[in-house]
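Raw run-v6.tsv, TSV, C-alpha atoms and all ligand atoms:
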```
chain	number	residue	atom	x	y	z
A	2	MET	CA	81.12	122.66	124.59
A	3	LEU	CA	83.68	122.05	121.83
A	4	ARG	CA	86.56	119.85	122.95
A	5	LEU	CA	89.73	121.24	121.37
A	6	VAL	CA	92.08	118.63	119.95
A	7	GLU	CA	95.35	118.34	118.02
A	8	ILE	CA	94.77	117.48	114.38
A	9	GLY	CA	97.21	116.69	111.59
A	10	VAL	CA	96.31	117.12	107.93
A	11	LEU	CA	98.40	115.20	105.38
A	12	GLY	CA	98.56	116.93	101.99
A	13	ALA	CA	97.34	120.23	103.47
A	14	THR	CA	98.81	122.23	100.58
A	15	GLY	CA	95.95	121.32	98.22
A	16	PRO	CA	92.67	123.23	98.19
A	17	ALA	CA	90.67	120.68	100.20
A	18	GLY	CA	93.25	120.00	102.93
A	19	ARG	CA	94.24	123.63	103.21
A	20	GLY	CA	90.63	124.76	103.51
A	21	LEU	CA	89.71	122.10	106.06
A	22	ALA	CA	92.88	122.81	108.09
A	23	ALA	CA	91.94	126.50	108.15
A	24	ARG	CA	88.34	125.75	109.21
A	25	LEU	CA	89.51	123.56	112.07
A	26	ALA	CA	92.19	126.01	113.26
A	27	CYS	CA	89.63	128.80	113.10
A	28	LEU	CA	87.56	126.89	115.68
A	29	GLY	CA	90.59	126.79	118.00
A	30	HIS	CA	91.91	123.29	117.31
A	31	ASP	CA	95.71	122.92	117.09
A	32	VAL	CA	96.28	121.98	113.46
A	33	ILE	CA	99.49	120.80	111.77
A	34	ALA	CA	99.33	121.40	108.01
A	35	GLY	CA	101.41	118.58	106.53
A	36	SER	CA	103.15	118.25	103.18
A	37	ARG	CA	105.80	116.05	101.61
A	38	ASP	CA	107.85	119.25	101.51
A	39	ALA	CA	108.13	121.34	104.69
A	40	ALA	CA	108.80	124.50	102.64
A	41	ARG	CA	105.57	124.02	100.68
A	42	SER	CA	103.64	123.68	103.92
A	43	ALA	CA	105.33	126.79	105.36
A	44	SER	CA	104.34	128.80	102.33
A	45	ALA	CA	100.71	127.53	102.42
A	46	VAL	CA	100.42	128.41	106.12
A	47	ALA	CA	102.04	131.83	105.54
A	48	GLU	CA	99.49	132.58	102.80
A	49	LEU	CA	96.59	131.55	105.01
A	50	SER	CA	97.93	133.52	107.99
A	51	GLU	CA	98.38	136.60	105.84
A	52	ARG	CA	94.74	136.34	104.74
A	53	TRP	CA	93.11	135.43	108.06
A	54	GLY	CA	95.56	136.71	110.69
A	55	ASP	CA	95.01	135.72	114.31
A	56	ARG	CA	92.01	133.59	113.43
A	57	LEU	CA	94.50	130.92	112.38
A	58	ALA	CA	96.90	131.34	115.32
A	59	THR	CA	96.73	127.60	116.04
A	60	LEU	CA	97.68	126.50	112.50
A	61	VAL	CA	101.33	125.45	112.08
A	62	PRO	CA	103.29	124.05	109.13
A	63	GLY	CA	105.03	120.69	109.09
A	64	THR	CA	105.84	117.57	107.15
A	65	ASN	CA	103.35	114.78	106.58
A	66	ALA	CA	105.16	112.84	109.33
A	67	ASP	CA	104.63	115.78	111.74
A	68	ALA	CA	100.94	115.78	110.81
A	69	ALA	CA	100.62	112.00	111.21
A	70	ALA	CA	102.13	112.36	114.69
A	71	ALA	CA	99.29	114.69	115.78
A	72	ARG	CA	97.93	113.57	119.12
A	73	ASP	CA	94.23	113.14	118.49
A	74	LEU	CA	93.13	112.91	114.89
A	75	VAL	CA	94.67	112.77	111.42
A	76	ILE	CA	93.06	113.73	108.11
A	77	VAL	CA	94.44	112.34	104.85
A	78	ALA	CA	93.87	115.08	102.26
A	79	THR	CA	96.41	114.11	99.63
A	80	THR	CA	95.34	113.67	96.04
A	81	TRP	CA	93.04	110.63	95.97
A	82	ASP	CA	95.44	108.34	94.14
A	83	ALA	CA	98.11	108.90	96.81
A	84	ALA	CA	95.82	108.45	99.83
A	85	VAL	CA	96.41	104.71	100.31
A	86	ASP	CA	100.20	104.85	99.80
A	87	THR	CA	100.50	107.88	102.10
A	88	THR	CA	98.47	106.08	104.77
A	89	ARG	CA	100.68	102.99	104.41
A	90	ASP	CA	103.84	105.14	104.68
A	91	HIS	CA	102.65	106.57	108.02
A	92	ALA	CA	100.82	103.51	109.37
A	93	GLY	CA	103.03	103.30	112.46
A	94	LEU	CA	102.23	106.87	113.53
A	95	LEU	CA	98.52	106.34	112.82
A	96	GLU	CA	98.21	103.36	115.17
A	97	GLY	CA	95.21	103.81	117.50
A	98	LYS	CA	94.25	107.19	116.01
A	99	VAL	CA	91.09	108.37	114.32
A	100	VAL	CA	92.06	108.80	110.65
A	101	VAL	CA	89.69	110.68	108.36
A	102	ALA	CA	89.57	109.54	104.73
A	103	MET	CA	88.15	112.28	102.51
A	104	ALA	CA	89.35	110.97	99.14
A	105	ASN	CA	87.07	110.46	96.17
A	106	GLY	CA	88.52	108.42	93.29
A	107	LEU	CA	87.34	110.18	90.14
A	108	VAL	CA	88.04	110.28	86.45
A	109	ARG	CA	86.63	112.74	83.93
A	110	VAL	CA	85.10	110.96	80.95
A	111	GLY	CA	83.71	113.38	78.38
A	112	LYS	CA	81.07	115.51	80.05
A	113	GLU	CA	80.91	113.60	83.32
A	114	PHE	CA	82.91	112.25	86.22
A	115	GLN	CA	83.00	108.54	86.97
A	116	PRO	CA	84.09	106.89	90.21
A	117	VAL	CA	87.34	104.95	90.49
A	118	LEU	CA	87.13	102.42	93.28
A	119	PRO	CA	89.78	99.99	94.51
A	120	GLU	CA	89.21	96.27	94.97
A	121	GLU	CA	88.59	96.83	98.71
A	122	GLY	CA	85.42	98.73	97.67
A	123	SER	CA	86.35	102.23	98.79
A	124	LEU	CA	89.57	104.17	99.23
A	125	ALA	CA	88.69	104.44	102.91
A	126	ALA	CA	88.54	100.64	103.19
A	127	ALA	CA	91.83	100.36	101.29
A	128	MET	CA	93.39	102.84	103.74
A	129	GLN	CA	92.10	100.77	106.65
A	130	ALA	CA	93.64	97.64	105.07
A	131	VAL	CA	97.13	99.19	104.91
A	132	ALA	CA	96.89	100.71	108.41
A	133	PRO	CA	94.99	98.08	110.40
A	134	GLY	CA	95.77	99.79	113.73
A	135	ALA	CA	94.19	103.07	112.61
A	136	ARG	CA	90.50	103.85	113.17
A	137	VAL	CA	89.56	104.98	109.67
A	138	VAL	CA	86.44	107.08	109.16
A	139	ALA	CA	85.27	108.29	105.74
A	140	ALA	CA	83.90	111.86	105.79
A	141	PHE	CA	83.75	115.22	103.94
A	142	GLN	CA	83.59	113.69	100.42
A	143	HIS	CA	80.80	116.04	99.34
A	144	VAL	CA	82.00	119.36	100.76
A	145	PRO	CA	83.67	121.49	98.07
A	146	ALA	CA	87.18	122.74	98.85
A	147	ALA	CA	86.24	126.33	98.09
A	148	ALA	CA	83.53	126.20	100.76
A	149	PHE	CA	86.01	125.07	103.42
A	150	ALA	CA	88.30	127.96	102.61
A	151	ALA	CA	85.62	130.65	102.78
A	152	LEU	CA	85.88	131.06	106.54
A	153	ASP	CA	83.28	133.82	106.76
A	154	GLU	CA	80.59	131.76	105.01
A	155	PRO	CA	78.78	128.95	106.81
A	156	LEU	CA	79.23	125.54	105.17
A	157	GLU	CA	75.99	124.14	103.75
A	158	SER	CA	76.14	120.36	103.57
A	159	ASP	CA	75.38	117.07	105.19
A	160	VAL	CA	78.46	115.00	105.96
A	161	VAL	CA	77.88	111.26	105.99
A	162	VAL	CA	80.40	109.54	108.23
A	163	CYS	CA	81.26	105.82	107.83
A	164	GLY	CA	83.67	103.70	109.85
A	165	ASP	CA	83.86	100.47	111.80
A	166	ASP	CA	84.84	102.04	115.15
A	167	ASP	CA	81.80	103.55	116.95
A	168	ALA	CA	83.85	105.96	119.09
A	169	ALA	CA	85.85	107.12	116.05
A	170	ARG	CA	82.65	107.86	114.12
A	171	ALA	CA	81.32	109.79	117.14
A	172	THR	CA	84.54	111.84	117.30
A	173	VAL	CA	84.27	112.78	113.63
A	174	LEU	CA	80.57	113.62	114.01
A	175	ASP	CA	81.49	116.01	116.86
A	176	LEU	CA	84.09	117.64	114.62
A	177	VAL	CA	81.49	118.07	111.86
A	178	TYR	CA	78.86	119.52	114.21
A	179	ALA	CA	81.30	122.14	115.45
A	180	MET	CA	81.41	123.67	111.96
A	181	PRO	CA	78.49	126.07	111.48
A	182	ASN	CA	75.68	124.65	109.30
A	183	LEU	CA	77.34	121.31	108.63
A	184	ARG	CA	75.21	118.38	109.70
A	185	GLY	CA	76.82	115.05	110.42
A	186	LEU	CA	74.95	111.82	109.72
A	187	ASP	CA	76.11	108.42	110.90
A	188	GLY	CA	76.29	106.31	107.73
A	189	GLY	CA	77.34	103.11	109.50
A	190	SER	CA	80.27	100.85	108.85
A	191	LEU	CA	83.24	101.30	106.52
A	192	ALA	CA	81.54	98.94	104.05
A	193	ASN	CA	79.19	101.85	103.28
A	194	ALA	CA	82.00	104.26	102.39
A	195	VAL	CA	81.81	102.98	98.81
A	196	GLY	CA	78.43	104.71	98.51
A	197	ILE	CA	79.64	108.11	99.63
A	198	GLU	CA	82.83	107.97	97.57
A	199	ALA	CA	81.03	106.85	94.42
A	200	PHE	CA	78.25	109.42	94.86
A	201	ALA	CA	80.82	112.21	94.71
A	202	ALA	CA	81.25	111.43	91.00
A	203	VAL	CA	77.48	111.78	90.48
A	204	LEU	CA	77.38	115.05	92.44
A	205	LEU	CA	80.27	116.55	90.47
A	206	SER	CA	78.71	115.42	87.18
A	207	ILE	CA	75.47	117.17	88.15
A	208	ASN	CA	77.37	120.33	89.09
A	209	LEU	CA	79.21	120.21	85.76
A	210	ARG	CA	76.03	119.66	83.73
A	211	TYR	CA	73.98	122.35	85.50
A	212	LYS	CA	76.91	124.69	86.24
A	213	GLY	CA	75.96	124.35	89.91
A	214	LYS	CA	77.60	124.20	93.30
A	215	GLY	CA	75.38	121.49	94.77
A	216	THR	CA	76.35	119.72	97.97
A	217	LEU	CA	74.53	116.96	99.83
A	218	ARG	CA	71.33	117.52	101.88
A	219	LEU	CA	69.16	114.59	102.93
A	220	LEU	CA	65.50	115.36	103.57
A	221	GLY	CA	63.33	113.56	106.10
A	222	VAL	CA	65.96	113.20	108.81
A	223	GLU	CA	65.37	115.55	111.71
A	224	SER	CA	68.90	115.63	113.00
A	225	GLY	CA	72.13	113.74	112.80
A	226	ARG	CA	72.10	113.62	116.61
A	227	GLU	CA	70.47	110.48	118.00
A	301	LIG	N1	88.73	119.44	95.95
A	301	LIG	C1	87.54	119.23	96.54
A	301	LIG	O1	86.59	120.01	96.39
A	301	LIG	C2	87.36	118.00	97.43
A	301	LIG	C3	86.20	117.86	98.17
A	301	LIG	C4	86.07	116.75	99.01
A	301	LIG	C5	87.09	115.81	99.06
A	301	LIG	N2	88.21	115.97	98.30
A	301	LIG	C6	89.30	114.99	98.40
A	301	LIG	O2	90.29	115.63	99.19
A	301	LIG	C7	91.59	115.25	98.74
A	301	LIG	C8	92.39	116.49	98.41
A	301	LIG	O3	91.78	117.18	97.34
A	301	LIG	P1	92.55	118.40	96.63
A	301	LIG	O4	91.69	118.85	95.53
A	301	LIG	O5	92.99	119.36	97.67
A	301	LIG	O6	93.81	117.58	96.07
A	301	LIG	P2	95.14	118.01	95.32
A	301	LIG	O7	95.27	119.48	95.33
A	301	LIG	O8	95.18	117.34	93.99
A	301	LIG	O9	96.26	117.34	96.24
A	301	LIG	C9	96.43	117.64	97.59
A	301	LIG	C10	97.88	117.46	97.98
A	301	LIG	O10	98.29	116.10	97.82
A	301	LIG	C11	99.71	116.07	97.82
A	301	LIG	N3	100.17	115.08	96.83
A	301	LIG	C12	100.12	115.17	95.48
A	301	LIG	N4	100.63	114.05	94.91
A	301	LIG	C13	101.04	113.25	95.94
A	301	LIG	C14	101.68	111.99	96.02
A	301	LIG	N5	102.00	111.29	94.91
A	301	LIG	N6	101.94	111.49	97.24
A	301	LIG	C15	101.61	112.16	98.38
A	301	LIG	N7	101.02	113.37	98.37
A	301	LIG	C16	100.73	113.91	97.17
A	301	LIG	C17	100.18	117.47	97.45
A	301	LIG	O11	100.77	118.03	98.63
A	301	LIG	P3	102.37	118.15	98.82
A	301	LIG	O12	102.95	118.24	97.45
A	301	LIG	O13	102.49	119.43	99.56
A	301	LIG	O14	102.79	116.96	99.58
A	301	LIG	C18	98.90	118.21	97.14
A	301	LIG	O15	98.92	119.58	97.47
A	301	LIG	C19	91.40	114.33	97.54
A	301	LIG	O16	91.56	113.01	97.96
A	301	LIG	C20	89.98	114.60	97.09
A	301	LIG	O17	89.39	113.45	96.52
A	301	LIG	C21	88.38	117.05	97.51
```
Can the structure in the file be given as structure tokens, please?
Amino acid sequence: MLRLVEIGVLGATGPAGRGLAARLACLGHDVIAGSRDAARSASAVAELSERWGDRLATLVPGTNADAAAARDLVIVATTWDAAVDTTRDHAGLLEGKVVVAMANGLVRVGKEFQPVLPEEGSLAAAMQAVAPGARVVAAFQHVPAAAFAALDEPLESDVVVCGDDDAARATVLDLVYAMPNLRGLDGGSLANAVGIEAFAAVLLSINLRYKGKGTLRLLGVESGRE
């Protein structure tokens, strides 16, 4: 049975954070949609509520600090180049919590995307470095924002989850499995997050070249559940 939790999403006014916040609220989780500007969050939540009505009864607006204070889990969904600074700014509130890093550092170069990675290897590892008390888990890098927001359509993707804290990875895998058709796969330690972040640039380049909407599906693995 799904364990309902309180989740904060920082930067929930962008397409990815807003869509993921809506998905999670739709499942019954209490979700705080954070923003640097409370009015922007209020307007994003009002738009979502107008569209989906009571299905998002547990979604509330707030500041990023309100979202970082969420009891159980925090998702950093700001633009990728603000993810580390935003994590640092809220490090005190994130102490002891599971913090999901979904950022992909990307730059468009001609007809492709290329990864932008920090010296720590991945943005997730850089977030862990600035918030050492947080339990950072990289996840959701390959799920398109539009898919999150389409609440009536099942999500079709594997979600590789990487982090150094076993219990935190298990928590995020549970969250993934609760979303219809998503399959969570344990990708191991945070050192491996570089692979999932960098692969997002390859995936987006393929989608651009073939005008596709490809996500990630790994063949030959029966289930993400051990
Ligand atoms: N788009 C996708 O399909 C997708 C898929 C998987 C993962 N991701 C990752 O998910 C994250 C969000 O993607 P997105 O496309 O939704 O991003 P986005 O629209 O570019 O930005 C999301 C939010 O970040 C906040 N923000 C902007 N600049 C900031 C700054 N300097 N400091 C703090 N916050 C700032 C803004 O919220 P406020 O102004 O309200 O504070 C903005 O609405 C990114 O890290 C991306 O790599 C995206």
- Item | Within 8 Å of ligand LIG 301 (chain A), counting all atoms listed in the file, residues as an MDAnalysis selection string | chainID A and resid 11:19 35:39 41:42 65 77:84 86:87 102:107 141:147
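Separating atom CA of Gly20 of chain A from atom CA of Leu186 of chain A is a distance of 21.3 Å.
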I'd like a table as a tab-separated table: residues in segment 83-123 of chain A with an atom no more than 9 Å from segment 208-220 of chain A, each row giving the shortest atom pair and its distance in Å to one decimal, only C-alpha atoms counted, sorted by chain and rising residue number.
```
residue	atom	partner	partner_atom	distance
A:Lys112	CA	A:Arg210	CA	7.5
A:Glu113	CA	A:Leu209	CA	7.2
A:Phe114	CA	A:Leu209	CA	8.8
```
- Item | Atomic distance atom CA of Glu7 of chain A - atom CA of Ala201 of chain A, expressed in Å with one decimal | 28.1 Å
- Write out as a list in words each polymer residue whose atoms come within 6 Å of Val161 of chain A, counting all atoms listed in the file; drop sequence neighbours fewer than 4 positions from it. Gly185, Leu186, Asp187 and Gly188 of chain A
Writer output for current selection, C-alpha atoms, as a JSON list (two decimals), keeping the file's coordinate frame:
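File produced: out-v7.json:
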```json
[["chain", "number", "residue", "atom", "x", "y", "z"],
["A", 185, "GLY", "CA", 76.82, 115.05, 110.42],
["A", 186, "LEU", "CA", 74.95, 111.82, 109.72],
["A", 187, "ASP", "CA", 76.11, 108.42, 110.90],
["A", 188, "GLY", "CA", 76.29, 106.31, 107.73]]
```
- Task: Counting all atoms listed in the file, figure out which residue out of A:Leu118, A:Met180, A:Met128, A:Val195 gets nearest to Arg24 of chain A.
- Result: A:Met180
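Using only C-alpha atoms, the shortest contact distance between Arg136 of chain A and any of A:Gly111, A:Ala148, A:Glu157, A:Leu95 is found at A:Leu95.
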- For atom CA of Gly29 of chain A and atom CA of Arg170 of chain A, quote the distance in Å rounded to one decimal. 20.9 Å
- Contact residues around Ala22 of chain A with all atoms listed in the file at 9 Å, ignoring same-chain residues under 3 positions, as a list in words: Ile8, Gly9, Val10, Ala13, Ala17, Gly18, Arg19, Leu25, Ala26, Cys27, Val32, Ile33, Ala34, Leu60, Phe149 and Ala150 of chain A
